[in-house]
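Participant: This is start_18.pdb (PDB, C-alpha atoms and all ligand atoms).
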ATOM      1  CA  MET I   1      13.339  -3.272  24.027  1.00  0.00           C
ATOM      2  CA  LYS I   2      15.338  -6.414  23.286  1.00  0.00           C
ATOM      3  CA  GLU I   3      16.646  -7.052  19.796  1.00  0.00           C
ATOM      4  CA  HIS I   4      14.408 -10.048  19.224  1.00  0.00           C
ATOM      5  CA  THR I   5      11.378  -8.046  20.378  1.00  0.00           C
ATOM      6  CA  LEU I   6      12.146  -5.340  17.831  1.00  0.00           C
ATOM      7  CA  ILE I   7      12.529  -7.899  15.067  1.00  0.00           C
ATOM      8  CA  LYS I   8       9.279  -9.576  16.099  1.00  0.00           C
ATOM      9  CA  ARG I   9       7.419  -6.243  16.036  1.00  0.00           C
ATOM     10  CA  TRP I  10       8.807  -5.501  12.574  1.00  0.00           C
ATOM     11  CA  GLN I  11       7.814  -8.972  11.306  1.00  0.00           C
ATOM     12  CA  ASP I  12       4.325  -8.591  12.805  1.00  0.00           C
ATOM     13  CA  THR I  13       3.997  -5.203  11.129  1.00  0.00           C
ATOM     14  CA  LEU I  14       4.950  -6.691   7.758  1.00  0.00           C
ATOM     15  CA  GLN I  15       2.404  -9.450   8.350  1.00  0.00           C
ATOM     16  CA  GLU I  16      -0.344  -6.952   9.232  1.00  0.00           C
ATOM     17  CA  LEU I  17       0.543  -4.941   6.160  1.00  0.00           C
ATOM     18  CA  SER I  18       0.369  -7.952   3.899  1.00  0.00           C
ATOM     19  CA  THR I  19      -2.994  -8.937   5.425  1.00  0.00           C
ATOM     20  CA  ALA I  20      -4.301  -5.412   4.771  1.00  0.00           C
ATOM     21  CA  VAL I  21      -3.039  -5.560   1.171  1.00  0.00           C
ATOM     22  CA  HIS I  22      -4.737  -8.913   0.655  1.00  0.00           C
ATOM     23  CA  LYS I  23      -8.033  -7.763   2.220  1.00  0.00           C
ATOM     24  CA  ALA I  24      -8.017  -4.698  -0.009  1.00  0.00           C
ATOM     25  CA  GLY I  25      -7.749  -6.993  -3.028  1.00  0.00           C
ATOM     26  CA  ARG I  26      -4.443  -5.494  -4.055  1.00  0.00           C
ATOM     27  CA  ALA I  27      -1.375  -7.180  -5.492  1.00  0.00           C
ATOM     28  CA  PRO I  28       1.122  -8.643  -3.017  1.00  0.00           C
ATOM     29  CA  GLY I  29       4.093  -6.317  -2.720  1.00  0.00           C
ATOM     30  CA  SER I  30       2.212  -3.276  -4.019  1.00  0.00           C
ATOM     31  CA  VAL I  31       2.680  -1.396  -0.740  1.00  0.00           C
ATOM     32  CA  SER I  32       6.124  -0.812   0.764  1.00  0.00           C
ATOM     33  CA  LEU I  33       6.872  -0.389   4.432  1.00  0.00           C
ATOM     34  CA  VAL I  34       8.884   2.686   5.321  1.00  0.00           C
ATOM     35  CA  ALA I  35      10.094   2.114   8.887  1.00  0.00           C
ATOM     36  CA  VAL I  36      10.063   5.522  10.586  1.00  0.00           C
ATOM     37  CA  SER I  37      13.157   5.600  12.771  1.00  0.00           C
ATOM     38  CA  LYS I  38      13.181   9.252  13.826  1.00  0.00           C
ATOM     39  CA  LEU I  39      14.474   9.797  17.373  1.00  0.00           C
ATOM     40  CA  HIS I  40      15.527   6.148  17.633  1.00  0.00           C
ATOM     41  CA  PRO I  41      19.251   5.397  17.673  1.00  0.00           C
ATOM     42  CA  ALA I  42      21.163   4.063  14.682  1.00  0.00           C
ATOM     43  CA  ALA I  43      21.712   0.772  16.534  1.00  0.00           C
ATOM     44  CA  ARG I  44      17.950   0.108  16.300  1.00  0.00           C
ATOM     45  CA  VAL I  45      17.995   0.785  12.587  1.00  0.00           C
ATOM     46  CA  ARG I  46      20.963  -1.564  12.234  1.00  0.00           C
ATOM     47  CA  VAL I  47      19.025  -4.416  13.839  1.00  0.00           C
ATOM     48  CA  LEU I  48      16.283  -4.106  11.245  1.00  0.00           C
ATOM     49  CA  ALA I  49      18.691  -3.485   8.384  1.00  0.00           C
ATOM     50  CA  GLU I  50      20.403  -6.764   9.237  1.00  0.00           C
ATOM     51  CA  ALA I  51      17.003  -8.452   9.301  1.00  0.00           C
ATOM     52  CA  GLY I  52      16.292  -7.152   5.781  1.00  0.00           C
ATOM     53  CA  GLN I  53      14.378  -3.877   6.153  1.00  0.00           C
ATOM     54  CA  LEU I  54      15.681  -1.423   3.548  1.00  0.00           C
ATOM     55  CA  ASP I  55      13.378   1.612   3.629  1.00  0.00           C
ATOM     56  CA  PHE I  56      13.672   4.002   6.563  1.00  0.00           C
ATOM     57  CA  GLY I  57      11.962   7.334   7.185  1.00  0.00           C
ATOM     58  CA  GLU I  58      13.625  10.230   8.963  1.00  0.00           C
ATOM     59  CA  ASN I  59      12.360  13.702   9.930  1.00  0.00           C
ATOM     60  CA  TYR I  60      15.365  15.645  11.143  1.00  0.00           C
ATOM     61  CA  VAL I  61      18.222  16.525   8.821  1.00  0.00           C
ATOM     62  CA  GLN I  62      21.142  16.348  11.243  1.00  0.00           C
ATOM     63  CA  GLU I  63      19.973  13.260  13.063  1.00  0.00           C
ATOM     64  CA  ALA I  64      19.442  11.503   9.745  1.00  0.00           C
ATOM     65  CA  GLN I  65      22.889  12.470   8.460  1.00  0.00           C
ATOM     66  CA  LEU I  66      24.519  10.807  11.454  1.00  0.00           C
ATOM     67  CA  LYS I  67      22.500   7.643  10.929  1.00  0.00           C
ATOM     68  CA  GLN I  68      23.236   7.565   7.225  1.00  0.00           C
ATOM     69  CA  HIS I  69      26.907   7.813   8.050  1.00  0.00           C
ATOM     70  CA  ASP I  70      26.709   5.095  10.710  1.00  0.00           C
ATOM     71  CA  LEU I  71      24.822   2.731   8.430  1.00  0.00           C
ATOM     72  CA  ALA I  72      26.633   3.403   5.180  1.00  0.00           C
ATOM     73  CA  ASP I  73      27.577  -0.296   5.005  1.00  0.00           C
ATOM     74  CA  PHE I  74      23.934  -1.183   4.191  1.00  0.00           C
ATOM     75  CA  PRO I  75      22.203  -0.463   0.877  1.00  0.00           C
ATOM     76  CA  LEU I  76      19.400   1.438   2.645  1.00  0.00           C
ATOM     77  CA  ARG I  77      16.776   3.643   1.014  1.00  0.00           C
ATOM     78  CA  TRP I  78      16.300   6.740   3.120  1.00  0.00           C
ATOM     79  CA  HIS I  79      13.040   8.673   2.959  1.00  0.00           C
ATOM     80  CA  PHE I  80      12.836  12.262   4.127  1.00  0.00           C
ATOM     81  CA  ILE I  81       9.394  12.666   5.713  1.00  0.00           C
ATOM     82  CA  GLY I  82       9.828  15.673   8.002  1.00  0.00           C
ATOM     83  CA  ARG I  83       9.193  19.362   7.554  1.00  0.00           C
ATOM     84  CA  LEU I  84      12.012  20.749   5.524  1.00  0.00           C
ATOM     85  CA  GLN I  85      13.244  24.317   5.696  1.00  0.00           C
ATOM     86  CA  THR I  86      14.524  25.743   2.461  1.00  0.00           C
ATOM     87  CA  ASN I  87      17.912  26.496   4.019  1.00  0.00           C
ATOM     88  CA  LYS I  88      18.409  22.797   4.774  1.00  0.00           C
ATOM     89  CA  ALA I  89      17.410  21.543   1.343  1.00  0.00           C
ATOM     90  CA  ARG I  90      21.038  21.342   0.304  1.00  0.00           C
ATOM     91  CA  PHE I  91      21.610  18.585   2.880  1.00  0.00           C
ATOM     92  CA  VAL I  92      18.666  16.591   1.580  1.00  0.00           C
ATOM     93  CA  ALA I  93      18.763  16.668  -2.224  1.00  0.00           C
ATOM     94  CA  GLY I  94      20.865  13.792  -3.495  1.00  0.00           C
ATOM     95  CA  ALA I  95      20.969  12.089  -0.095  1.00  0.00           C
ATOM     96  CA  TYR I  96      17.518  10.457  -0.109  1.00  0.00           C
ATOM     97  CA  HIS I  97      15.761   7.798  -2.125  1.00  0.00           C
ATOM     98  CA  LEU I  98      12.590   9.916  -1.885  1.00  0.00           C
ATOM     99  CA  VAL I  99      11.648  13.263  -0.327  1.00  0.00           C
ATOM    100  CA  HIS I 100       7.969  13.041   0.723  1.00  0.00           C
ATOM    101  CA  THR I 101       7.402  16.563   1.978  1.00  0.00           C
ATOM    102  CA  VAL I 102       7.812  19.099  -0.808  1.00  0.00           C
ATOM    103  CA  ASP I 103       5.115  21.707  -0.245  1.00  0.00           C
ATOM    104  CA  SER I 104       6.267  24.963  -1.792  1.00  0.00           C
ATOM    105  CA  LEU I 105       7.908  26.198  -4.942  1.00  0.00           C
ATOM    106  CA  LYS I 106      10.639  27.801  -2.871  1.00  0.00           C
ATOM    107  CA  LEU I 107      11.552  24.451  -1.334  1.00  0.00           C
ATOM    108  CA  ALA I 108      11.293  22.671  -4.678  1.00  0.00           C
ATOM    109  CA  ARG I 109      13.658  25.196  -6.230  1.00  0.00           C
ATOM    110  CA  ALA I 110      16.180  24.799  -3.417  1.00  0.00           C
ATOM    111  CA  LEU I 111      16.155  21.009  -3.775  1.00  0.00           C
ATOM    112  CA  HIS I 112      16.426  21.353  -7.530  1.00  0.00           C
ATOM    113  CA  LYS I 113      19.373  23.691  -7.300  1.00  0.00           C
ATOM    114  CA  ARG I 114      21.328  21.287  -5.125  1.00  0.00           C
ATOM    115  CA  ALA I 115      20.389  18.257  -7.267  1.00  0.00           C
ATOM    116  CA  GLN I 116      21.561  20.158 -10.319  1.00  0.00           C
ATOM    117  CA  THR I 117      24.890  20.976  -8.663  1.00  0.00           C
ATOM    118  CA  LEU I 118      25.340  17.301  -7.825  1.00  0.00           C
ATOM    119  CA  GLY I 119      24.239  16.254 -11.292  1.00  0.00           C
ATOM    120  CA  VAL I 120      21.525  13.961  -9.943  1.00  0.00           C
ATOM    121  CA  SER I 121      17.777  13.644 -10.237  1.00  0.00           C
ATOM    122  CA  GLN I 122      15.947  13.811  -6.897  1.00  0.00           C
ATOM    123  CA  PRO I 123      12.655  11.876  -6.647  1.00  0.00           C
ATOM    124  CA  VAL I 124       9.996  13.830  -4.719  1.00  0.00           C
ATOM    125  CA  LEU I 125       6.403  13.685  -3.548  1.00  0.00           C
ATOM    126  CA  LEU I 126       4.241  16.724  -2.946  1.00  0.00           C
ATOM    127  CA  GLN I 127       2.704  16.867   0.505  1.00  0.00           C
ATOM    128  CA  VAL I 128      -0.944  17.919   0.513  1.00  0.00           C
ATOM    129  CA  ASN I 129      -2.590  19.444   3.588  1.00  0.00           C
ATOM    130  CA  LEU I 130      -6.154  18.203   3.209  1.00  0.00           C
ATOM    131  CA  ALA I 131      -7.597  19.285   6.547  1.00  0.00           C
ATOM    132  CA  GLY I 132      -6.237  22.823   6.508  1.00  0.00           C
ATOM    133  CA  GLU I 133      -4.210  22.296   9.669  1.00  0.00           C
ATOM    134  CA  LYS I 134      -2.027  25.347  10.175  1.00  0.00           C
ATOM    135  CA  GLN I 135       0.596  23.606  12.320  1.00  0.00           C
ATOM    136  CA  LYS I 136       1.247  20.993   9.646  1.00  0.00           C
ATOM    137  CA  GLY I 137       3.132  21.171   6.399  1.00  0.00           C
ATOM    138  CA  GLY I 138       1.573  20.551   3.039  1.00  0.00           C
ATOM    139  CA  VAL I 139       0.228  22.563   0.154  1.00  0.00           C
ATOM    140  CA  PRO I 140      -3.528  23.321   0.164  1.00  0.00           C
ATOM    141  CA  GLU I 141      -5.365  21.324  -2.477  1.00  0.00           C
ATOM    142  CA  ALA I 142      -6.272  24.491  -4.376  1.00  0.00           C
ATOM    143  CA  GLU I 143      -2.604  25.376  -4.876  1.00  0.00           C
ATOM    144  CA  LEU I 144      -1.518  21.901  -5.892  1.00  0.00           C
ATOM    145  CA  PRO I 145      -1.958  22.178  -9.676  1.00  0.00           C
ATOM    146  CA  PHE I 146       0.296  25.248  -9.769  1.00  0.00           C
ATOM    147  CA  LEU I 147       2.964  23.492  -7.682  1.00  0.00           C
ATOM    148  CA  VAL I 148       2.756  20.395  -9.902  1.00  0.00           C
ATOM    149  CA  GLU I 149       3.217  22.449 -13.068  1.00  0.00           C
ATOM    150  CA  SER I 150       6.176  24.280 -11.542  1.00  0.00           C
ATOM    151  CA  VAL I 151       7.887  21.157 -10.219  1.00  0.00           C
ATOM    152  CA  LEU I 152       7.564  19.469 -13.602  1.00  0.00           C
ATOM    153  CA  GLU I 153       9.666  22.245 -15.064  1.00  0.00           C
ATOM    154  CA  LEU I 154      12.508  21.572 -12.639  1.00  0.00           C
ATOM    155  CA  SER I 155      14.568  19.093 -14.626  1.00  0.00           C
ATOM    156  CA  HIS I 156      16.485  17.664 -11.658  1.00  0.00           C
ATOM    157  CA  LEU I 157      13.373  16.805  -9.640  1.00  0.00           C
ATOM    158  CA  GLU I 158      11.366  13.733 -10.487  1.00  0.00           C
ATOM    159  CA  LEU I 159       7.736  13.991  -9.378  1.00  0.00           C
ATOM    160  CA  GLN I 160       6.596  10.562  -8.189  1.00  0.00           C
ATOM    161  CA  GLY I 161       3.308  11.279  -6.433  1.00  0.00           C
ATOM    162  CA  LEU I 162       1.611  12.685  -3.354  1.00  0.00           C
ATOM    163  CA  MET I 163       1.828  12.396   0.408  1.00  0.00           C
ATOM    164  CA  THR I 164      -0.540  13.366   3.197  1.00  0.00           C
ATOM    165  CA  MET I 165      -0.659  13.243   6.965  1.00  0.00           C
ATOM    166  CA  PRO I 166      -4.228  13.499   8.257  1.00  0.00           C
ATOM    167  CA  PRO I 167      -5.129  15.051  11.618  1.00  0.00           C
ATOM    168  CA  TYR I 168      -5.012  12.789  14.651  1.00  0.00           C
ATOM    169  CA  PHE I 169      -8.387  11.099  15.070  1.00  0.00           C
ATOM    170  CA  GLU I 170      -9.410   9.102  18.138  1.00  0.00           C
ATOM    171  CA  ASP I 171     -11.139   6.808  15.652  1.00  0.00           C
ATOM    172  CA  PRO I 172      -8.567   6.092  12.918  1.00  0.00           C
ATOM    173  CA  GLY I 173     -11.309   5.192  10.439  1.00  0.00           C
ATOM    174  CA  LEU I 174     -12.100   8.896  10.228  1.00  0.00           C
ATOM    175  CA  ALA I 175      -8.895   9.388   8.240  1.00  0.00           C
ATOM    176  CA  ARG I 176     -10.182   7.167   5.469  1.00  0.00           C
ATOM    177  CA  PRO I 177     -12.137   9.817   3.549  1.00  0.00           C
ATOM    178  CA  LEU I 178      -8.969  11.923   3.447  1.00  0.00           C
ATOM    179  CA  PHE I 179      -6.971   9.020   2.038  1.00  0.00           C
ATOM    180  CA  ALA I 180      -9.683   8.523  -0.579  1.00  0.00           C
ATOM    181  CA  ARG I 181      -9.494  12.215  -1.405  1.00  0.00           C
ATOM    182  CA  LEU I 182      -5.745  12.094  -1.955  1.00  0.00           C
ATOM    183  CA  ARG I 183      -6.177   9.124  -4.266  1.00  0.00           C
ATOM    184  CA  ARG I 184      -8.766  11.009  -6.336  1.00  0.00           C
ATOM    185  CA  ILE I 185      -6.529  14.062  -6.485  1.00  0.00           C
ATOM    186  CA  LYS I 186      -3.710  11.868  -7.792  1.00  0.00           C
ATOM    187  CA  GLU I 187      -6.014  10.340 -10.394  1.00  0.00           C
ATOM    188  CA  ARG I 188      -7.065  13.783 -11.601  1.00  0.00           C
ATOM    189  CA  LEU I 189      -3.439  14.867 -11.843  1.00  0.00           C
ATOM    190  CA  GLU I 190      -2.614  11.765 -13.856  1.00  0.00           C
ATOM    191  CA  THR I 191      -5.359  12.653 -16.297  1.00  0.00           C
ATOM    192  CA  MET I 192      -4.112  16.218 -16.491  1.00  0.00           C
ATOM    193  CA  LEU I 193      -0.510  15.095 -17.022  1.00  0.00           C
ATOM    194  CA  ASP I 194      -1.400  12.142 -19.203  1.00  0.00           C
ATOM    195  CA  GLY I 195       1.123  10.101 -17.229  1.00  0.00           C
ATOM    196  CA  GLU I 196       1.341   7.966 -14.135  1.00  0.00           C
ATOM    197  CA  LEU I 197       2.393   9.062 -10.693  1.00  0.00           C
ATOM    198  CA  PRO I 198       3.528   5.848  -9.017  1.00  0.00           C
ATOM    199  CA  HIS I 199       3.272   6.790  -5.355  1.00  0.00           C
ATOM    200  CA  LEU I 200       0.749   7.660  -2.684  1.00  0.00           C
ATOM    201  CA  SER I 201       2.489   8.005   0.672  1.00  0.00           C
ATOM    202  CA  MET I 202      -0.184   7.672   3.331  1.00  0.00           C
ATOM    203  CA  GLY I 203      -0.886   5.626   6.444  1.00  0.00           C
ATOM    204  CA  MET I 204       0.899   5.484   9.789  1.00  0.00           C
ATOM    205  CA  THR I 205       0.777   3.194  12.827  1.00  0.00           C
ATOM    206  CA  GLN I 206      -2.863   3.659  13.672  1.00  0.00           C
ATOM    207  CA  ASP I 207      -4.455   4.057  10.267  1.00  0.00           C
ATOM    208  CA  PHE I 208      -2.342   2.219   7.699  1.00  0.00           C
ATOM    209  CA  ALA I 209      -4.941  -0.477   6.958  1.00  0.00           C
ATOM    210  CA  PHE I 210      -7.396   2.259   5.892  1.00  0.00           C
ATOM    211  CA  ALA I 211      -4.717   3.911   3.784  1.00  0.00           C
ATOM    212  CA  VAL I 212      -4.000   0.597   2.063  1.00  0.00           C
ATOM    213  CA  GLU I 213      -7.690   0.213   1.252  1.00  0.00           C
ATOM    214  CA  GLU I 214      -7.579   3.619  -0.399  1.00  0.00           C
ATOM    215  CA  GLY I 215      -4.549   2.937  -2.549  1.00  0.00           C
ATOM    216  CA  SER I 216      -1.470   3.797  -0.516  1.00  0.00           C
ATOM    217  CA  THR I 217       1.822   2.537  -1.979  1.00  0.00           C
ATOM    218  CA  LEU I 218       4.073   3.669   0.891  1.00  0.00           C
ATOM    219  CA  VAL I 219       3.072   3.376   4.522  1.00  0.00           C
ATOM    220  CA  ARG I 220       5.197   5.255   7.046  1.00  0.00           C
ATOM    221  CA  ILE I 221       5.170   3.297  10.301  1.00  0.00           C
ATOM    222  CA  GLY I 222       7.151   4.153  13.395  1.00  0.00           C
ATOM    223  CA  THR I 223       5.535   3.361  16.736  1.00  0.00           C
ATOM    224  CA  ARG I 224       4.127  -0.034  15.733  1.00  0.00           C
ATOM    225  CA  ILE I 225       7.708  -1.174  15.007  1.00  0.00           C
ATOM    226  CA  PHE I 226       9.998   0.735  17.363  1.00  0.00           C
ATOM    227  CA  GLY I 227       7.618   1.494  20.239  1.00  0.00           C
ATOM    228  CA  PRO I 228       7.049   4.991  21.653  1.00  0.00           C
ATOM    229  CA  ARG I 229       9.572   7.611  20.590  1.00  0.00           C
ATOM    230  CA  PRO I 230      11.912   9.271  23.052  1.00  0.00           C
ATOM    231  CA  ARG I 231      11.242  13.013  23.281  1.00  0.00           C
ATOM    232  CA  LYS I 232      13.223  15.277  21.009  1.00  0.00           C
TER     233      LYS I 232
HETATM  234  C1  LIG M   1       6.590  10.279  12.801  1.00  0.00           C
HETATM  235  C2  LIG M   1       5.909  10.163  11.497  1.00  0.00           C
HETATM  236  C3  LIG M   1       5.322   8.954  11.082  1.00  0.00           C
HETATM  237  C4  LIG M   1       5.255   7.712  11.949  1.00  0.00           C
HETATM  238  O1  LIG M   1       4.197   7.819  12.853  1.00  0.00           O
HETATM  239  P1  LIG M   1       3.757   6.584  13.788  1.00  0.00           P
HETATM  240  O2  LIG M   1       2.427   6.981  14.292  1.00  0.00           O
HETATM  241  O3  LIG M   1       4.793   6.459  14.862  1.00  0.00           O
HETATM  242  O4  LIG M   1       3.696   5.361  12.944  1.00  0.00           O
HETATM  243  C5  LIG M   1       4.773   8.913   9.817  1.00  0.00           C
HETATM  244  N1  LIG M   1       4.784   9.969   8.999  1.00  0.00           N
HETATM  245  C6  LIG M   1       5.329  11.149   9.362  1.00  0.00           C
HETATM  246  C7  LIG M   1       5.303  12.286   8.418  1.00  0.00           C
HETATM  247  C8  LIG M   1       5.894  11.283  10.621  1.00  0.00           C
HETATM  248  O5  LIG M   1       6.407  12.470  10.979  1.00  0.00           O
END
Could you write out this structure as structure tokens?

Facilitator:
Amino acid sequence: MKEHTLIKRWQDTLQELSTAVHKAGRAPGSVSLVAVSKLHPAARVRVLAEAGQLDFGENYVQEAQLKQHDLADFPLRWHFIGRLQTNKARFVAGAYHLVHTVDSLKLARALHKRAQTLGVSQPVLLQVNLAGEKQKGGVPEAELPFLVESVLELSHLELQGLMTMPPYFEDPGLARPLFARLRRIKERLETMLDGELPHLSMGMTQDFAFAVEEGSTLVRIGTRIFGPRPRK
């Protein structure tokens, strides 16, 4: 894909996002675009960084480290959105603007330990597995309150909200009830905590307009911007 094609696809995506935000009756700028660059080379990220995109999502620790190194001359905000093994948490805490995929106390503790060593606070989201898919990460809804309470006690983690990744549906509208469910779960947590959780990370290439209608604040979009991913 040519450089100008990539930039055009990114601009079109931003336009579609802003249309979706407007149609949902939400404030302009209330939803941020996280450009998911996993498996695409750093040179592609650089093109968009130069064009003004700041938030990028990555899934694989080592690949992301190389890109972060390559692109250190830009003030980018990296989002970790992949499955994270506890033994790799030390490479993630302190290196990301936001970790979207915390789904166990063990992982939370590992991130916390590293953040503490670095003397930083690591913003995190808890990933919720709403459809009970075994192959996917995420805490079951029933276990969420316990994980929330535990994470709140970890002083070097900052809980900022929830993330979900619905099953693949042929008809993307079928994901909408799950997005609505995550929003209600967040609202209940806010009541329980008597405080606000700023973020709902939901919506990808095929379903982001539905996620925006249901209150998403971070959409994670890869294919619509970069085209199909090379195989890992
Ligand atoms: C890869 C990935 C995305 C991007 O998916 P697209 O369909 O390419 O937009 C979003 N979220 C997560 C968690 C991912 O792993």

Participant: Would you place a box with edges along x, y and z of the file around all atoms of ligand LIG 1 (chain M) listed there, add 6 Å to each of its six sides, and report the centre and edge lengths in Å to one decimal, as JSON?

Facilitator:
{"center_x": 4.5, "center_y": 8.9, "center_z": 11.6, "size_x": 16.2, "size_y": 19.1, "size_z": 18.4}

Participant: As a check of understanding, name the residues that the PyMOL selection byres (((chain I and resi 51-54) around 12) and not hetatm) selects in the supplied structure, as number ranges by chain.

Facilitator: I: 3-4, 6-11, 13-14, 32-37, 44-50, 55-57, 71, 74-79, 97, 225

Participant: I need the residue nearest ligand LIG 1 (chain M) from this list: I:Lys232, I:Arg83, I:Arg109, I:Arg188. Use all atoms listed in the file for the distance.

Facilitator: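 Looking at the shortest contact to ligand LIG 1 (chain M), the residue is I:Arg83.
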
Participant: Which chain I residues have any atom within 9 Å of an atom of ligand LIG 1 (chain M), and for each, what is the nearest pair of atoms with distance in Å to one decimal, counting all atoms listed in the file, rows sorted by chain and number, as a Markdown table?

Facilitator:
| residue | atom | partner | partner_atom | distance |
| --- | --- | --- | --- | --- |
| I:Val34 | CA | M:LIG1 | C5 | 8.7 |
| I:Ala35 | CA | M:LIG1 | C4 | 8.0 |
| I:Val36 | CA | M:LIG1 | C4 | 5.5 |
| I:Ser37 | CA | M:LIG1 | C1 | 8.1 |
| I:Lys38 | CA | M:LIG1 | C1 | 6.7 |
| I:Gly57 | CA | M:LIG1 | C5 | 7.8 |
| I:Glu58 | CA | M:LIG1 | O5 | 7.8 |
| I:Asn59 | CA | M:LIG1 | O5 | 6.2 |
| I:Phe80 | CA | M:LIG1 | C7 | 8.7 |
| I:Ile81 | CA | M:LIG1 | C7 | 4.9 |
| I:Gly82 | CA | M:LIG1 | O5 | 5.6 |
| I:Arg83 | CA | M:LIG1 | C7 | 8.1 |
| I:His100 | CA | M:LIG1 | C7 | 8.2 |
| I:Thr101 | CA | M:LIG1 | C7 | 8.0 |
| I:Met163 | CA | M:LIG1 | C7 | 8.7 |
| I:Thr164 | CA | M:LIG1 | C7 | 7.9 |
| I:Met165 | CA | M:LIG1 | C7 | 6.2 |
| I:Ser201 | CA | M:LIG1 | N1 | 8.9 |
| I:Met202 | CA | M:LIG1 | N1 | 7.9 |
| I:Gly203 | CA | M:LIG1 | C5 | 7.4 |
| I:Met204 | CA | M:LIG1 | O4 | 4.2 |
| I:Thr205 | CA | M:LIG1 | O4 | 3.6 |
| I:Gln206 | CA | M:LIG1 | O2 | 6.3 |
| I:Asp207 | CA | M:LIG1 | O2 | 8.5 |
| I:Phe208 | CA | M:LIG1 | O4 | 8.6 |
| I:Val219 | CA | M:LIG1 | C5 | 7.8 |
| I:Arg220 | CA | M:LIG1 | C5 | 4.6 |
| I:Ile221 | CA | M:LIG1 | O4 | 3.7 |
| I:Gly222 | CA | M:LIG1 | O3 | 3.6 |
| I:Thr223 | CA | M:LIG1 | O3 | 3.7 |
| I:Arg224 | CA | M:LIG1 | O4 | 6.1 |
| I:Ile225 | CA | M:LIG1 | O4 | 7.9 |
| I:Phe226 | CA | M:LIG1 | O3 | 8.1 |
| I:Gly227 | CA | M:LIG1 | O3 | 7.8 |
| I:Pro228 | CA | M:LIG1 | O3 | 7.3 |
| I:Arg229 | CA | M:LIG1 | O3 | 7.5 |

Participant: Evaluated on this file, the PyMOL selection byres (((chain I and resi 94) around 7) and not hetatm) picks out some residues - which ones are they, written as a list in words?

Facilitator: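 Selected by the PyMOL selection byres (((chain I and resi 94) around 7) and not hetatm) here: Val92, Ala93, Ala95, Tyr96, Ala115, Val120 and Gln122 of chain I.
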
Participant: Give the answer as one residue: which of I:Val151, I:Leu189, I:Ala211, I:Lys67 has the shortest atom-to-atom distance to Lys106 in chain I, using all atoms listed in the file?

Facilitator: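 Result for the nearest residue to Lys106 in chain I: I:Val151.
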
Participant: I would like the residues chosen by the PyMOL selection byres (((chain I and resi 89) around 10) and not hetatm) on the shown file; could you give them as a VMD selection string?

Facilitator: chain I and resid 61 84 to 88 90 to 94 107 to 115

Participant: Mind listing whatever residues come within 7 Å of the point (-0.4, 16.9, -2.5)? Use all atoms listed in the file, file coordinates, and give them as a list in words.

Facilitator: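 Residues with an atom close enough to that point: Leu126, Gln127, Val128, Asn129, Gly138, Val139, Glu141, Leu144, Leu162, Met163 and Thr164 of chain I.
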
Participant: Give me, please, the distance in Å between CA of Gln116 in chain I and CA of Glu143 in chain I, quoted to one decimal.

Facilitator: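 It comes out at 25.3 Å.
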
Participant: Under the rule that all atoms listed in the file are counted, which of I:Leu182, I:Leu174, I:Leu118, I:Val31 is the nearest residue to Phe210 in chain I?

Facilitator: I:Leu174

Participant: Counting all atoms listed in the file, which residue out of I:Glu16, I:Glu158, I:Glu63, I:Glu149 sits closest to Pro198 in chain I?

Facilitator: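 Under the stated criterion, the closest residue is I:Glu158.
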
Participant: Restricting the calculation to all atoms listed in the file: of I:Glu170, I:His199, I:Phe146, I:Thr191, which residue gets closest to Pro123 in chain I?

Facilitator: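 Closest candidate: I:His199.
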
Participant: CA of Phe169 in chain I and CA of Glu213 in chain I, how far apart in Å?

Facilitator: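 Answer for the CA of Glu213 in chain I to CA of Phe169 in chain I separation: 17.6 Å.
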
Participant: CA of Gln135 in chain I and CA of Pro166 in chain I, how far apart in Å?

Facilitator: 11.9 Å
